[in-house]
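Single-structure report; data block below.
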Amino acid sequence: MIVSNYLSINQAKAHLQSYPCPFNLNFFWNFGFLLAIVFILQILTGILLSSFYTPDPSLSFYSVHYIMREINSGYLLRYIHFTGASLVFIFLYCHILWGIVFGSYIYLPLVWISGTLIFIISMAVAFLGYVLPWGQMSYWGATVITNLLSPIPGLVTWVCGGYYVDNPTLKRFFVLHFVLPFSILVIVFVHIFYLHLNGSNNPLGTDTSLKVPFSPNILMSDIKGLWYLLVVLVIQVGFGVHPLSHLDNNCRVDNFITLHQIVQEWYFLSFYSVLKSIPSKPAGMVIMFSFIQSLLVLAESRSFNKSISVKYITRSRSTISFSIVLCYSFYCLFWIRAQLPQPVFAAYGRIFIIYYFISLIILTGHTTPRDSNYDGNRLILR
């Protein structure tokens, strides 16, 4: 018992106190810490909200309003949980963007794979949670997504518990929305383990012996970022400076009224743009899922370099250029889906989908190793 406690304390100190970090880490390396904080906040508020929520089509909409109006500080819990979902994706997108620009998918492939799994499961959790308030936009959004599965025989009835979104669907979504965040928490620990096993990259992209302990040097920077996070959370929750959901979702579900335009949450717009740009439903579904899971392909960049082991990747101009094209294509798809559906936007959407996949393929095979006499403009070899 004493030995196990001693090992646990040593492991905690190794990961939270004496873990060596490059001395020149800047604020962009704080997004992972802030993301972990928001994940924990979401789990805590979600557990409290689930104790009052009723997953029933005739009661779920009213149970949400009961939480906000009758439960002491219930409105605060709901708005923190609701705002936290947007903060999760803001930090996820910034974290992924910085990993692409600095080549973390090559230097830390296992960290990249675990982080991509966190991103994919977070999208599923966010979609399931979006359906639970059982508003008009939630219902029709769920109907659109479940209908995407119709090309596969029997899959819609297996997922929904029937031929359309109804009572069994809501109960299943509630259970999955409650369980999946704990699987994310497990993957977060795996993500941190592999990160600390290899060591963090630094803004220069090269190895350096100038390291400082995580505490108090990097920890103080993370705490400063946490303070900024709390300020933003208080402003958004208390004053609602930016609307994060469509007003139609404040109306109870009416199966006989179809909305003029189904607008998803902002963090799903780029993926729905893929569906709107592809005329064929089966092809759109395949391309959308490929669009989401294509980030895993970047981790295979290291597999192309079997003749020599690549340790560190510096930021070459071409790498940054293709990273910018990748991120710009994603943003353009985001903007296109926010507009009214028109043929011109669908045409531009197809163009940016092609740009996205081309830049992804180029980034995957971009770091081709040469002999050890190479000047190291892009690679520093073991």
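To be explicit about the labels: the chains of the structure tokens are called A, B, and onward in the order shown, and within each one the residues are counted from 1, while ligands get numbers from 1 in the order they are shown.
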What are the nearest atom pairs, with distances in Å to one decimal, for all residues of segment 250-269 of chain A that come at most 12 Å from segment 318-332 of chain A, using only C-alpha atoms, set out by chain and rising residue number as CSV?
```
residue,atom,partner,partner_atom,distance
A:Trp266,CA,A:Tyr331,CA,11.3
A:Tyr267,CA,A:Tyr331,CA,10.7
A:Phe268,CA,A:Phe330,CA,11.1
A:Leu269,CA,A:Tyr331,CA,9.4
```
Please write the residues from the selection above to a file, keeping C-alpha atoms, as a JSON list (two decimals), in the first residue's frame.
```json
[["chain", "number", "residue", "atom", "x", "y", "z"],
["A", 266, "TRP", "CA", -21.83, 26.95, -35.56],
["A", 267, "TYR", "CA", -19.19, 24.27, -34.91],
["A", 268, "PHE", "CA", -20.96, 21.86, -37.30],
["A", 269, "LEU", "CA", -21.36, 24.27, -40.23]]
```
Quiz item: If you run DSSP on the backbone, which residues of segment 46-151 of chain A are helix (DSSP H, G or I), as a VMD selection string?
Solution: chain A and resid 46 to 50 60 to 69 74 to 101 104 to 107 109 to 131 136 to 147
inquiry  = Considering only strand (DSSP E or B) as DSSP defines it on the backbone, what residues of segment 178-370 of chain A qualify? List them as a count of residues only.
reply    = 8
One residue among A:Pro282, A:Gly46, A:Gly103, A:Pro216 is nearest to Phe174 of chain A when using only C-alpha atoms, and that residue is A:Gly46
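Compared by their closest atoms to Met123 of chain A, and using only C-alpha atoms, the residues A:Tyr79, A:Phe239, A:Phe289, A:Phe352 rank with A:Phe289 nearest.
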Which residues are close to Tyr163 of chain A, i.e. within 12 Å by only C-alpha atoms, leaving aside same-chain residues fewer than 2 positions away? Reply as a ChimeraX atom specification. /A:143,146-147,149-150,153-161,165-169
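Nearest-residue note for Ile96 of chain A: choosing from A:Gly32, A:Gly74, A:Gly135, A:Pro151, the minimum distance belongs to A:Gly32, counting only C-alpha atoms.
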Polymer residues at most 12 Å from Ile71 of chain A, only C-alpha atoms, same-chain spacing of 4 or more positions, as a ChimeraX atom specification = /A:48-49,51-53,63-67,75-78
As a PDB file with N, CA, C and O atoms, in the first residue's frame, please: the residues near segment 291-298 of chain A (cut-off 8 Å, only C-alpha atoms, same-chain neighbours under 5 positions excluded).
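Writing the result to selection_30.pdb gives the following:
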```pdb
ATOM      1  N   TYR A 105       1.686  16.279 -35.926  1.00  0.00           N
ATOM      2  CA  TYR A 105       1.242  14.973 -36.421  1.00  0.00           C
ATOM      3  C   TYR A 105       2.416  14.086 -36.821  1.00  0.00           C
ATOM      4  O   TYR A 105       2.252  12.875 -36.964  1.00  0.00           O
ATOM      5  N   ILE A 106       3.603  14.665 -37.029  1.00  0.00           N
ATOM      6  CA  ILE A 106       4.786  13.866 -37.349  1.00  0.00           C
ATOM      7  C   ILE A 106       5.636  13.654 -36.097  1.00  0.00           C
ATOM      8  O   ILE A 106       6.076  12.544 -35.822  1.00  0.00           O
ATOM      9  N   TRP A 112      -1.284  12.847 -31.690  1.00  0.00           N
ATOM     10  CA  TRP A 112      -2.191  13.351 -32.721  1.00  0.00           C
ATOM     11  C   TRP A 112      -3.383  12.420 -32.903  1.00  0.00           C
ATOM     12  O   TRP A 112      -4.524  12.874 -33.029  1.00  0.00           O
ATOM     13  N   ILE A 113      -3.151  11.105 -32.911  1.00  0.00           N
ATOM     14  CA  ILE A 113      -4.246  10.145 -33.090  1.00  0.00           C
ATOM     15  C   ILE A 113      -5.221  10.214 -31.918  1.00  0.00           C
ATOM     16  O   ILE A 113      -6.445  10.261 -32.104  1.00  0.00           O
ATOM     17  N   THR A 116      -7.214  13.388 -32.158  1.00  0.00           N
ATOM     18  CA  THR A 116      -8.243  13.317 -33.199  1.00  0.00           C
ATOM     19  C   THR A 116      -9.438  12.501 -32.735  1.00  0.00           C
ATOM     20  O   THR A 116     -10.590  12.843 -33.030  1.00  0.00           O
ATOM     21  N   ILE A 120     -13.361  13.680 -32.606  1.00  0.00           N
ATOM     22  CA  ILE A 120     -14.474  12.963 -33.230  1.00  0.00           C
ATOM     23  C   ILE A 120     -15.559  12.625 -32.206  1.00  0.00           C
ATOM     24  O   ILE A 120     -16.759  12.838 -32.444  1.00  0.00           O
ATOM     25  N   PHE A 271     -19.023  20.892 -41.724  1.00  0.00           N
ATOM     26  CA  PHE A 271     -19.332  19.507 -42.085  1.00  0.00           C
ATOM     27  C   PHE A 271     -20.692  19.418 -42.798  1.00  0.00           C
ATOM     28  O   PHE A 271     -20.860  18.617 -43.722  1.00  0.00           O
ATOM     29  N   PHE A 357      -8.838  18.418 -49.400  1.00  0.00           N
ATOM     30  CA  PHE A 357      -8.253  17.090 -49.510  1.00  0.00           C
ATOM     31  C   PHE A 357      -6.894  17.127 -50.203  1.00  0.00           C
ATOM     32  O   PHE A 357      -5.989  16.363 -49.847  1.00  0.00           O
ATOM     33  N   LEU A 360      -4.405  18.314 -47.686  1.00  0.00           N
ATOM     34  CA  LEU A 360      -4.195  17.269 -46.690  1.00  0.00           C
ATOM     35  C   LEU A 360      -3.267  16.189 -47.228  1.00  0.00           C
ATOM     36  O   LEU A 360      -2.359  15.717 -46.521  1.00  0.00           O
ATOM     37  N   LEU A 363       0.296  17.571 -47.349  1.00  0.00           N
ATOM     38  CA  LEU A 363       0.895  17.634 -46.013  1.00  0.00           C
ATOM     39  C   LEU A 363       1.283  16.244 -45.515  1.00  0.00           C
ATOM     40  O   LEU A 363       2.281  16.078 -44.813  1.00  0.00           O
ATOM     41  N   THR A 364       0.497  15.226 -45.878  1.00  0.00           N
ATOM     42  CA  THR A 364       0.787  13.866 -45.423  1.00  0.00           C
ATOM     43  C   THR A 364       2.104  13.346 -45.983  1.00  0.00           C
ATOM     44  O   THR A 364       2.896  12.727 -45.278  1.00  0.00           O
TER      45      THR A 364
END
```
Counting only C-alpha atoms, which residues in segment 33-78 of chain A sit no more than 12 Å from segment 138-141 of chain A? For each one, give the nearest pair of atoms and the distance in Å, sorted by chain then residue number, as JSON lines.
```
{"residue": "A:Pro57", "atom": "CA", "partner": "A:Tyr139", "partner_atom": "CA", "distance": 10.2}
{"residue": "A:Ser60", "atom": "CA", "partner": "A:Tyr139", "partner_atom": "CA", "distance": 11.9}
{"residue": "A:Phe61", "atom": "CA", "partner": "A:Ser138", "partner_atom": "CA", "distance": 10.7}
```
Please produce an output containing all heavy atoms for each residue in the selection, written as a short mmCIF file (atom, residue, chain, number, x, y, z; two decimals), in the first residue's frame.
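The file below, result-v3.cif, is the result:
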```
data_model
loop_
_atom_site.label_atom_id
_atom_site.label_comp_id
_atom_site.auth_asym_id
_atom_site.auth_seq_id
_atom_site.Cartn_x
_atom_site.Cartn_y
_atom_site.Cartn_z
N PRO A 57 -40.28 12.71 -24.99
CA PRO A 57 -40.69 13.75 -25.95
C PRO A 57 -41.75 14.71 -25.42
O PRO A 57 -41.77 15.87 -25.80
CB PRO A 57 -41.22 12.94 -27.14
CG PRO A 57 -40.53 11.63 -27.04
CD PRO A 57 -40.36 11.36 -25.59
N SER A 60 -39.44 16.52 -22.08
CA SER A 60 -38.05 16.99 -22.10
C SER A 60 -37.96 18.50 -22.31
O SER A 60 -37.16 19.17 -21.65
CB SER A 60 -37.27 16.25 -23.21
OG SER A 60 -37.91 16.45 -24.45
N PHE A 61 -38.78 19.05 -23.21
CA PHE A 61 -38.74 20.49 -23.45
C PHE A 61 -39.11 21.26 -22.18
O PHE A 61 -38.48 22.26 -21.83
CB PHE A 61 -39.69 20.84 -24.59
CG PHE A 61 -39.73 22.31 -24.92
CD1 PHE A 61 -38.75 22.89 -25.70
CD2 PHE A 61 -40.77 23.10 -24.45
CE1 PHE A 61 -38.78 24.24 -26.00
CE2 PHE A 61 -40.81 24.46 -24.75
CZ PHE A 61 -39.82 25.03 -25.53
#
```
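Picture a line from atom CA of Leu59 of chain A to atom CA of Trp134 of chain A; it runs 9.2 Å.
Each of A:Cys251, A:Cys94, A:Cys21, A:Ala126 was checked against Gln42 of chain A using only C-alpha atoms; the smallest atom-to-atom distance is that of A:Ala126.
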